[in-house]
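Trainee: Starting off with a structure, shown below.
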Amino acid sequence: MKKLILKQRTDTPHWVGDGFPVRSVFNYMEHGKLMTPFLLMDYAGPTQFSPTTKRRGVGEHPHRGFETVTIVYSGEVEHRDSSGGGGVIKPGDVQWMSAASGVVHEEFHGKDFAQKGGDFEMIQLWVNLPAAFKMHSPRYQGLKDDSIPRYLLGNKGSFLRVIAGSFDDVEGPAKTFSPINLWDLRVKAHDTITLKVPADQTASLFVLNGEILTEDGNSLKNADLGLFQRNGDELTFTAQADSKILFMGGEPIEEPIVGYGPFVMNTKAEIAQAFKDFESGKMGNLSLIEGAE
């Protein structure tokens, strides 16, 4: 049994651009060695936006050395990057963008959502890349809701969506550079769930809403993050209410983490080079992409 070793939450939101009111749940500067291969999590919402004709979001900015994973629960996010990747991410969809050697991208509310307004909730993760892949060519994966398989859990109608990795014999559609399990769970009240997870890999649960009680007696509720020990290959909890949960786990990347702003590499020299490459245009330019506005 994996026991809880860290519980934390952040209730103070800040704005990213004018479209994403986020709480930074964890970051690599504080918990990089514990949460590996995950570097950072921003939880946006839940909130409500009024209708507008304005483009709400974040204008073009660069990344290098990691991947961004955006999971939309309600609302819409429209993405475009200098590698040619992009699209509208709707509820249930996931965007997996491997910045790797470098991209410039932008993220805005989808036009239809902006005009209608409504509920908005999403998670964005930064996922580290092993040193061998930090300068790999960028890659974009737009994973639609109907391409993400479901696995029934418990006996009350609970289920798990396999975004990346595998659960039992169900494989997720996301391609990753290192072993990662990313599962989206909906657990019914009073259902007890046991997750089989690889021993010696990291394992954490983020409860978006609801409440769960871990097998060792700890409660995790709205916007709580729980990190579990690496020993053991089972994680068991009981839902105290209907709960929406994200499971994150993976093989640790035991390499130096050196980050500054939008870049995460292994050395200060690599960070300095990233800034030079961005400023010289080597990460691309959105204005040169077909269909640019």
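For the structure tokens, the naming scheme is as follows: chains receive sequential letters (A, B, ...) according to their order of presentation, residues are indexed from 1 within each chain, and ligands are indexed from 1 in presentation order.
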Which stretch 210-260 of chain A residues have any atom within 8 Å of an atom of stretch 30-48 of chain A, and for each, what is the nearest pair of atoms with distance in Å to one decimal, counting only C-alpha atoms, rows sorted by chain and number, as CSV?
Mentor:
```
residue,atom,partner,partner_atom,distance
A:Leu227,CA,A:Met35,CA,7.7
A:Gly249,CA,A:Pro37,CA,7.9
A:Gly250,CA,A:Pro37,CA,6.2
A:Glu251,CA,A:Pro37,CA,6.8
A:Pro252,CA,A:Thr36,CA,5.2
A:Ile253,CA,A:Pro37,CA,5.8
A:Glu254,CA,A:Lys33,CA,7.8
A:Ile257,CA,A:Gly32,CA,7.6
```
Trainee: As a PDB file with C-alpha atoms, in the first residue's frame, please: every residue in stretch 10-238 of chain A that a backbone DSSP assignment puts in alpha helix (DSSP H).
Mentor:
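Final output, saved to part-v3.pdb:
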```pdb
ATOM      1  CA  TYR A  28       9.621  22.243  -9.579  1.00  0.00           C
ATOM      2  CA  MET A  29      11.451  24.784  -7.429  1.00  0.00           C
ATOM      3  CA  GLU A  30       9.778  23.362  -4.303  1.00  0.00           C
ATOM      4  CA  HIS A  31       8.858  19.802  -5.196  1.00  0.00           C
ATOM      5  CA  GLY A  32      10.763  18.930  -8.365  1.00  0.00           C
ATOM      6  CA  LYS A  33      12.437  15.837  -6.903  1.00  0.00           C
ATOM      7  CA  LEU A  34       9.201  14.609  -5.320  1.00  0.00           C
ATOM      8  CA  MET A  35       6.795  15.179  -8.222  1.00  0.00           C
ATOM      9  CA  LYS A 111     -14.211  31.823 -30.036  1.00  0.00           C
ATOM     10  CA  ASP A 112     -17.551  30.033 -29.579  1.00  0.00           C
ATOM     11  CA  PHE A 113     -17.049  29.811 -25.824  1.00  0.00           C
ATOM     12  CA  ALA A 114     -15.986  33.465 -25.571  1.00  0.00           C
ATOM     13  CA  GLN A 115     -19.113  34.638 -27.415  1.00  0.00           C
ATOM     14  CA  LYS A 116     -21.454  32.524 -25.286  1.00  0.00           C
TER      15      LYS A 116
END
```
Trainee: I'd like the interatomic distance between atom CA of A:Ile71 and atom CA of A:Asp224, to a tenth of an Å.
Mentor: 17.3 Å
Trainee: Find the residues near A:Met97: any atom within 9 Å, counting only C-alpha atoms, skip ones fewer than 3 places away on the same chain, and give them as a list in words.
Mentor: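 Once the adjacent positions are removed, what remains is Phe66, Glu67, Thr68, Val69, Thr70, Gly85, Ala100, Pro138, Arg139, Tyr140, Gln141 and Gly142 of chain A.
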Trainee: Write out, as a PDB file, in the first residue's frame, the residues just selected, with N, CA, C and O atoms.
Mentor:
```
ATOM      1  N   PHE A  66      10.560  20.935 -22.137  1.00  0.00           N
ATOM      2  CA  PHE A  66       9.515  20.188 -21.439  1.00  0.00           C
ATOM      3  C   PHE A  66       8.274  20.124 -22.312  1.00  0.00           C
ATOM      4  O   PHE A  66       8.272  20.573 -23.472  1.00  0.00           O
ATOM      5  N   GLU A  67       7.200  19.561 -21.752  1.00  0.00           N
ATOM      6  CA  GLU A  67       5.923  19.449 -22.445  1.00  0.00           C
ATOM      7  C   GLU A  67       4.841  20.154 -21.635  1.00  0.00           C
ATOM      8  O   GLU A  67       4.907  20.181 -20.400  1.00  0.00           O
ATOM      9  N   THR A  68       3.848  20.711 -22.307  1.00  0.00           N
ATOM     10  CA  THR A  68       2.669  21.221 -21.616  1.00  0.00           C
ATOM     11  C   THR A  68       1.501  20.296 -21.932  1.00  0.00           C
ATOM     12  O   THR A  68       1.300  19.903 -23.085  1.00  0.00           O
ATOM     13  N   VAL A  69       0.757  19.963 -20.884  1.00  0.00           N
ATOM     14  CA  VAL A  69      -0.425  19.105 -21.030  1.00  0.00           C
ATOM     15  C   VAL A  69      -1.618  19.876 -20.487  1.00  0.00           C
ATOM     16  O   VAL A  69      -1.644  20.242 -19.312  1.00  0.00           O
ATOM     17  N   THR A  70      -2.594  20.131 -21.344  1.00  0.00           N
ATOM     18  CA  THR A  70      -3.772  20.910 -20.971  1.00  0.00           C
ATOM     19  C   THR A  70      -4.999  20.017 -21.017  1.00  0.00           C
ATOM     20  O   THR A  70      -5.307  19.418 -22.053  1.00  0.00           O
ATOM     21  N   GLY A  85       1.339  23.078 -34.888  1.00  0.00           N
ATOM     22  CA  GLY A  85       0.308  22.426 -34.094  1.00  0.00           C
ATOM     23  C   GLY A  85      -0.755  23.409 -33.646  1.00  0.00           C
ATOM     24  O   GLY A  85      -0.506  24.611 -33.539  1.00  0.00           O
ATOM     25  N   ALA A 100       9.976  20.693 -26.367  1.00  0.00           N
ATOM     26  CA  ALA A 100      11.297  20.113 -26.655  1.00  0.00           C
ATOM     27  C   ALA A 100      12.299  21.209 -27.053  1.00  0.00           C
ATOM     28  O   ALA A 100      12.571  22.092 -26.259  1.00  0.00           O
ATOM     29  N   PRO A 138       9.879  19.523 -31.833  1.00  0.00           N
ATOM     30  CA  PRO A 138       8.579  19.709 -31.177  1.00  0.00           C
ATOM     31  C   PRO A 138       7.530  18.755 -31.749  1.00  0.00           C
ATOM     32  O   PRO A 138       7.618  18.317 -32.906  1.00  0.00           O
ATOM     33  N   ARG A 139       6.525  18.461 -30.920  1.00  0.00           N
ATOM     34  CA  ARG A 139       5.459  17.541 -31.329  1.00  0.00           C
ATOM     35  C   ARG A 139       4.143  17.997 -30.695  1.00  0.00           C
ATOM     36  O   ARG A 139       4.120  18.432 -29.544  1.00  0.00           O
ATOM     37  N   TYR A 140       3.068  17.908 -31.455  1.00  0.00           N
ATOM     38  CA  TYR A 140       1.749  18.317 -30.950  1.00  0.00           C
ATOM     39  C   TYR A 140       0.784  17.144 -31.046  1.00  0.00           C
ATOM     40  O   TYR A 140       0.675  16.494 -32.081  1.00  0.00           O
ATOM     41  N   GLN A 141       0.080  16.882 -29.932  1.00  0.00           N
ATOM     42  CA  GLN A 141      -0.948  15.844 -29.905  1.00  0.00           C
ATOM     43  C   GLN A 141      -2.256  16.458 -29.395  1.00  0.00           C
ATOM     44  O   GLN A 141      -2.327  16.922 -28.256  1.00  0.00           O
ATOM     45  N   GLY A 142      -3.257  16.460 -30.249  1.00  0.00           N
ATOM     46  CA  GLY A 142      -4.588  16.902 -29.852  1.00  0.00           C
ATOM     47  C   GLY A 142      -5.449  15.672 -29.619  1.00  0.00           C
ATOM     48  O   GLY A 142      -5.825  14.978 -30.574  1.00  0.00           O
TER      49      GLY A 142
END
```
Trainee: Excluding same-chain residues fewer than 3 positions from stretch 14-19 of chain A, what lies within 6 Å of it counting only C-alpha atoms, as an NGL selection string?
Mentor: :A and (22 or 56-58)
Trainee: Just to confirm, what's the straight-line distance from atom CA of A:Ile163 to atom CA of A:Leu286 in Å (one decimal)?
Mentor: 28.2 Å
Trainee: Please run DSSP on the backbone and report, as a PDB file with N, CA, C and O atoms, in the first residue's frame, all residues within stretch 25-65 of chain A that come out as strand (DSSP E or B).
Mentor:
```
ATOM      1  N   VAL A  25      -0.563  24.796  -8.041  1.00  0.00           N
ATOM      2  CA  VAL A  25      -0.681  23.718  -7.056  1.00  0.00           C
ATOM      3  C   VAL A  25       0.691  23.234  -6.601  1.00  0.00           C
ATOM      4  O   VAL A  25       0.914  22.969  -5.422  1.00  0.00           O
ATOM      5  N   PHE A  26       1.645  23.099  -7.523  1.00  0.00           N
ATOM      6  CA  PHE A  26       3.028  22.777  -7.168  1.00  0.00           C
ATOM      7  C   PHE A  26       3.932  23.275  -8.266  1.00  0.00           C
ATOM      8  O   PHE A  26       3.498  23.561  -9.388  1.00  0.00           O
ATOM      9  N   ASN A  27       5.219  23.386  -7.948  1.00  0.00           N
ATOM     10  CA  ASN A  27       6.200  23.759  -8.963  1.00  0.00           C
ATOM     11  C   ASN A  27       7.528  23.073  -8.671  1.00  0.00           C
ATOM     12  O   ASN A  27       7.764  22.601  -7.556  1.00  0.00           O
ATOM     13  N   PHE A  38       6.761  15.338 -13.287  1.00  0.00           N
ATOM     14  CA  PHE A  38       5.938  16.537 -13.417  1.00  0.00           C
ATOM     15  C   PHE A  38       6.653  17.727 -12.776  1.00  0.00           C
ATOM     16  O   PHE A  38       7.204  17.619 -11.690  1.00  0.00           O
ATOM     17  N   LEU A  39       6.597  18.849 -13.459  1.00  0.00           N
ATOM     18  CA  LEU A  39       7.310  20.045 -13.026  1.00  0.00           C
ATOM     19  C   LEU A  39       6.411  21.064 -12.344  1.00  0.00           C
ATOM     20  O   LEU A  39       6.828  21.750 -11.405  1.00  0.00           O
ATOM     21  N   LEU A  40       5.196  21.172 -12.823  1.00  0.00           N
ATOM     22  CA  LEU A  40       4.330  22.268 -12.389  1.00  0.00           C
ATOM     23  C   LEU A  40       2.889  21.929 -12.705  1.00  0.00           C
ATOM     24  O   LEU A  40       2.612  21.235 -13.685  1.00  0.00           O
ATOM     25  N   MET A  41       1.975  22.409 -11.868  1.00  0.00           N
ATOM     26  CA  MET A  41       0.552  22.308 -12.169  1.00  0.00           C
ATOM     27  C   MET A  41      -0.131  23.639 -11.889  1.00  0.00           C
ATOM     28  O   MET A  41       0.010  24.203 -10.808  1.00  0.00           O
ATOM     29  N   ASP A  42      -0.878  24.132 -12.872  1.00  0.00           N
ATOM     30  CA  ASP A  42      -1.774  25.266 -12.697  1.00  0.00           C
ATOM     31  C   ASP A  42      -3.210  24.768 -12.827  1.00  0.00           C
ATOM     32  O   ASP A  42      -3.545  24.068 -13.800  1.00  0.00           O
ATOM     33  N   TYR A  43      -4.036  25.125 -11.854  1.00  0.00           N
ATOM     34  CA  TYR A  43      -5.447  24.752 -11.861  1.00  0.00           C
ATOM     35  C   TYR A  43      -6.254  26.018 -12.108  1.00  0.00           C
ATOM     36  O   TYR A  43      -6.258  26.925 -11.276  1.00  0.00           O
ATOM     37  N   ALA A  44      -6.906  26.096 -13.242  1.00  0.00           N
ATOM     38  CA  ALA A  44      -7.681  27.276 -13.622  1.00  0.00           C
ATOM     39  C   ALA A  44      -9.161  27.034 -13.361  1.00  0.00           C
ATOM     40  O   ALA A  44      -9.743  26.090 -13.892  1.00  0.00           O
ATOM     41  N   GLY A  45      -9.733  27.897 -12.538  1.00  0.00           N
ATOM     42  CA  GLY A  45     -11.154  27.769 -12.230  1.00  0.00           C
ATOM     43  C   GLY A  45     -11.361  26.921 -10.997  1.00  0.00           C
ATOM     44  O   GLY A  45     -10.432  26.701 -10.218  1.00  0.00           O
ATOM     45  N   PRO A  46     -12.593  26.426 -10.824  1.00  0.00           N
ATOM     46  CA  PRO A  46     -13.748  26.711 -11.689  1.00  0.00           C
ATOM     47  C   PRO A  46     -14.213  28.151 -11.524  1.00  0.00           C
ATOM     48  O   PRO A  46     -14.237  28.684 -10.420  1.00  0.00           O
ATOM     49  N   THR A  47     -14.549  28.760 -12.658  1.00  0.00           N
ATOM     50  CA  THR A  47     -15.029  30.133 -12.649  1.00  0.00           C
ATOM     51  C   THR A  47     -15.990  30.303 -13.806  1.00  0.00           C
ATOM     52  O   THR A  47     -16.177  29.394 -14.615  1.00  0.00           O
ATOM     53  N   GLN A  48     -16.600  31.453 -13.892  1.00  0.00           N
ATOM     54  CA  GLN A  48     -17.555  31.723 -14.976  1.00  0.00           C
ATOM     55  C   GLN A  48     -17.161  33.010 -15.678  1.00  0.00           C
ATOM     56  O   GLN A  48     -16.826  34.009 -15.037  1.00  0.00           O
ATOM     57  N   PHE A  49     -17.197  32.953 -17.001  1.00  0.00           N
ATOM     58  CA  PHE A  49     -16.891  34.124 -17.812  1.00  0.00           C
ATOM     59  C   PHE A  49     -18.163  34.616 -18.500  1.00  0.00           C
ATOM     60  O   PHE A  49     -18.973  33.815 -18.982  1.00  0.00           O
ATOM     61  N   GLY A  57      -6.989  35.470 -23.061  1.00  0.00           N
ATOM     62  CA  GLY A  57      -5.994  34.410 -23.001  1.00  0.00           C
ATOM     63  C   GLY A  57      -4.590  34.945 -22.853  1.00  0.00           C
ATOM     64  O   GLY A  57      -4.367  35.968 -22.207  1.00  0.00           O
ATOM     65  N   VAL A  58      -3.643  34.236 -23.459  1.00  0.00           N
ATOM     66  CA  VAL A  58      -2.221  34.578 -23.361  1.00  0.00           C
ATOM     67  C   VAL A  58      -1.638  34.632 -24.765  1.00  0.00           C
ATOM     68  O   VAL A  58      -1.757  33.667 -25.533  1.00  0.00           O
ATOM     69  N   GLY A  59      -1.005  35.749 -25.081  1.00  0.00           N
ATOM     70  CA  GLY A  59      -0.380  35.901 -26.390  1.00  0.00           C
ATOM     71  C   GLY A  59       0.868  35.053 -26.543  1.00  0.00           C
ATOM     72  O   GLY A  59       1.262  34.309 -25.638  1.00  0.00           O
ATOM     73  N   GLU A  60       1.517  35.171 -27.696  1.00  0.00           N
ATOM     74  CA  GLU A  60       2.626  34.266 -28.016  1.00  0.00           C
ATOM     75  C   GLU A  60       3.782  34.397 -27.031  1.00  0.00           C
ATOM     76  O   GLU A  60       4.164  35.482 -26.608  1.00  0.00           O
ATOM     77  N   HIS A  61       4.312  33.230 -26.665  1.00  0.00           N
ATOM     78  CA  HIS A  61       5.438  33.136 -25.731  1.00  0.00           C
ATOM     79  C   HIS A  61       6.146  31.801 -25.993  1.00  0.00           C
ATOM     80  O   HIS A  61       5.551  30.871 -26.525  1.00  0.00           O
ATOM     81  N   PRO A  62       7.433  31.699 -25.629  1.00  0.00           N
ATOM     82  CA  PRO A  62       8.200  30.500 -25.975  1.00  0.00           C
ATOM     83  C   PRO A  62       8.237  29.465 -24.846  1.00  0.00           C
ATOM     84  O   PRO A  62       7.941  29.766 -23.683  1.00  0.00           O
ATOM     85  N   HIS A  63       8.627  28.234 -25.211  1.00  0.00           N
ATOM     86  CA  HIS A  63       8.954  27.175 -24.244  1.00  0.00           C
ATOM     87  C   HIS A  63      10.070  26.319 -24.832  1.00  0.00           C
ATOM     88  O   HIS A  63      10.171  26.160 -26.049  1.00  0.00           O
ATOM     89  N   ARG A  64      10.873  25.749 -23.954  1.00  0.00           N
ATOM     90  CA  ARG A  64      11.888  24.766 -24.361  1.00  0.00           C
ATOM     91  C   ARG A  64      12.148  23.818 -23.193  1.00  0.00           C
ATOM     92  O   ARG A  64      12.135  24.215 -22.034  1.00  0.00           O
TER      93      ARG A  64
END
```
Trainee: Expressed in Å to a single decimal, how great is the separation between atom CA of A:Pro13 and atom CA of A:Arg55?
Mentor: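 Between atom CA of A:Pro13 and atom CA of A:Arg55 the gap is 20.9 Å.
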Trainee: Out of A:Ala223, A:Asp81, A:Ala269, A:Pro51, which residue has the shortest atom-to-atom distance to A:Val104 when counting only C-alpha atoms?
Mentor: A:Asp81
Trainee: Measuring between only C-alpha atoms, which one of A:Pro262, A:Pro179, A:Gly217, A:Gly232 shows the shortest distance to A:Leu129?
Mentor: A:Pro179
Trainee: Give me the residues within 12 Å of A:Gln273 as a ChimeraX atom specification, counting only C-alpha atoms and dropping any in the same chain fewer than 3 places off.
Mentor: /A:64-65,101-102,135,260,263-270,276-280,282-283
Trainee: Closest to A:Glu255 among A:Ser158, A:Thr236, A:Asn128, A:Ser287, using only C-alpha atoms?
Mentor: A:Asn128
Trainee: Pick out the closest residue to A:Ala189 from this set: A:Ala203, A:Ala239, A:Ser219, A:Asp233. Count only C-alpha atoms.
Mentor: A:Ala239
Trainee: Give me the residues near A:Ser50 as a list of chain:residue names, where near means some atom within 7 Å (using only C-alpha atoms) and where sequence neighbours in that chain fewer than 2 positions away do not count.
Mentor: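 Near neighbours after the sequence-gap exclusion: A:Gln48, A:Thr52, A:Gly117, A:Gly118.
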Trainee: Quick one: of A:Asp119, A:Gln201, A:Ile193, A:Thr238, who's nearest to A:Leu213, counting only C-alpha atoms?
Mentor: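 Of all the options, A:Thr238 lies closest to A:Leu213.
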Trainee: Can you pull out the residues contacting stretch 4-8 of chain A? Cut-off 8 Å, using only C-alpha atoms, and skip same-chain residues under 6 positions away; I want them as a list in words.
Mentor: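 Within the cut-off, the hits are Val25, Thr214, Asp216, Asn218, Leu220, Asp224, Leu225, Gly226, Leu227, Phe228 and Gln229 of chain A.
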Trainee: Output all heavy atoms for every residue in that selection, as an mmCIF file, in the first residue's frame.
Mentor:
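For reference, selection-v7.cif as written:
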```cif
data_model
loop_
_atom_site.group_PDB
_atom_site.id
_atom_site.type_symbol
_atom_site.label_atom_id
_atom_site.label_comp_id
_atom_site.auth_asym_id
_atom_site.auth_seq_id
_atom_site.Cartn_x
_atom_site.Cartn_y
_atom_site.Cartn_z
ATOM 1 N N VAL A 25 -0.563 24.796 -8.041
ATOM 2 C CA VAL A 25 -0.681 23.718 -7.056
ATOM 3 C C VAL A 25 0.691 23.234 -6.601
ATOM 4 O O VAL A 25 0.914 22.969 -5.422
ATOM 5 C CB VAL A 25 -1.513 22.557 -7.638
ATOM 6 C CG1 VAL A 25 -1.627 21.413 -6.633
ATOM 7 C CG2 VAL A 25 -2.907 23.050 -8.040
ATOM 8 N N THR A 214 -8.034 8.411 2.213
ATOM 9 C CA THR A 214 -7.031 7.418 1.855
ATOM 10 C C THR A 214 -7.061 6.262 2.840
ATOM 11 O O THR A 214 -7.614 6.372 3.941
ATOM 12 C CB THR A 214 -5.623 8.044 1.842
ATOM 13 O OG1 THR A 214 -5.279 8.448 3.174
ATOM 14 C CG2 THR A 214 -5.573 9.251 0.918
ATOM 15 N N ASP A 216 -4.826 5.164 4.681
ATOM 16 C CA ASP A 216 -4.162 5.452 5.947
ATOM 17 C C ASP A 216 -4.845 6.598 6.706
ATOM 18 O O ASP A 216 -4.270 7.178 7.628
ATOM 19 C CB ASP A 216 -2.675 5.750 5.744
ATOM 20 C CG ASP A 216 -2.408 6.780 4.661
ATOM 21 O OD1 ASP A 216 -3.357 7.187 3.966
ATOM 22 O OD2 ASP A 216 -1.247 7.196 4.516
ATOM 23 N N ASN A 218 -6.229 9.705 5.713
ATOM 24 C CA ASN A 218 -6.099 11.119 5.382
ATOM 25 C C ASN A 218 -7.186 11.557 4.408
ATOM 26 O O ASN A 218 -7.522 10.826 3.467
ATOM 27 C CB ASN A 218 -4.731 11.400 4.755
ATOM 28 C CG ASN A 218 -3.600 11.261 5.747
ATOM 29 O OD1 ASN A 218 -3.393 12.133 6.587
ATOM 30 N ND2 ASN A 218 -2.858 10.155 5.665
ATOM 31 N N LEU A 220 -8.565 14.095 1.494
ATOM 32 C CA LEU A 220 -8.205 15.028 0.430
ATOM 33 C C LEU A 220 -9.506 15.535 -0.166
ATOM 34 O O LEU A 220 -10.375 14.743 -0.533
ATOM 35 C CB LEU A 220 -7.368 14.343 -0.656
ATOM 36 C CG LEU A 220 -6.006 13.756 -0.250
ATOM 37 C CD1 LEU A 220 -5.413 12.962 -1.414
ATOM 38 C CD2 LEU A 220 -5.053 14.871 0.162
ATOM 39 N N ASP A 224 -7.107 19.836 -3.202
ATOM 40 C CA ASP A 224 -6.000 19.249 -2.443
ATOM 41 C C ASP A 224 -5.153 18.360 -3.343
ATOM 42 O O ASP A 224 -5.681 17.582 -4.157
ATOM 43 C CB ASP A 224 -6.512 18.379 -1.287
ATOM 44 C CG ASP A 224 -6.917 19.182 -0.070
ATOM 45 O OD1 ASP A 224 -6.504 20.347 0.046
ATOM 46 O OD2 ASP A 224 -7.656 18.634 0.777
ATOM 47 N N LEU A 225 -3.846 18.439 -3.158
ATOM 48 C CA LEU A 225 -2.907 17.531 -3.812
ATOM 49 C C LEU A 225 -2.364 16.574 -2.770
ATOM 50 O O LEU A 225 -1.946 16.995 -1.686
ATOM 51 C CB LEU A 225 -1.749 18.318 -4.423
ATOM 52 C CG LEU A 225 -0.581 17.479 -4.975
ATOM 53 C CD1 LEU A 225 -0.982 16.788 -6.268
ATOM 54 C CD2 LEU A 225 0.667 18.347 -5.182
ATOM 55 N N GLY A 226 -2.346 15.288 -3.079
ATOM 56 C CA GLY A 226 -1.746 14.298 -2.212
ATOM 57 C C GLY A 226 -0.661 13.534 -2.943
ATOM 58 O O GLY A 226 -0.903 12.989 -4.022
ATOM 59 N N LEU A 227 0.544 13.516 -2.377
ATOM 60 C CA LEU A 227 1.662 12.764 -2.949
ATOM 61 C C LEU A 227 1.896 11.525 -2.098
ATOM 62 O O LEU A 227 1.926 11.609 -0.863
ATOM 63 C CB LEU A 227 2.923 13.621 -2.980
ATOM 64 C CG LEU A 227 4.223 12.925 -3.407
ATOM 65 C CD1 LEU A 227 4.155 12.504 -4.867
ATOM 66 C CD2 LEU A 227 5.428 13.825 -3.161
ATOM 67 N N PHE A 228 2.078 10.384 -2.761
ATOM 68 C CA PHE A 228 2.211 9.108 -2.067
ATOM 69 C C PHE A 228 3.627 8.561 -2.216
ATOM 70 O O PHE A 228 4.355 8.906 -3.152
ATOM 71 C CB PHE A 228 1.191 8.101 -2.621
ATOM 72 C CG PHE A 228 -0.238 8.490 -2.347
ATOM 73 C CD1 PHE A 228 -0.865 9.452 -3.129
ATOM 74 C CD2 PHE A 228 -0.931 7.935 -1.289
ATOM 75 C CE1 PHE A 228 -2.179 9.833 -2.868
ATOM 76 C CE2 PHE A 228 -2.242 8.311 -1.015
ATOM 77 C CZ PHE A 228 -2.865 9.265 -1.806
ATOM 78 N N GLN A 229 4.010 7.702 -1.286
ATOM 79 C CA GLN A 229 5.348 7.102 -1.312
ATOM 80 C C GLN A 229 5.508 6.249 -2.568
ATOM 81 O O GLN A 229 4.538 5.763 -3.160
ATOM 82 C CB GLN A 229 5.557 6.260 -0.056
ATOM 83 C CG GLN A 229 4.656 5.060 0.038
ATOM 84 C CD GLN A 229 4.808 4.280 1.334
ATOM 85 O OE1 GLN A 229 4.111 3.301 1.520
ATOM 86 N NE2 GLN A 229 5.693 4.685 2.224
#
```
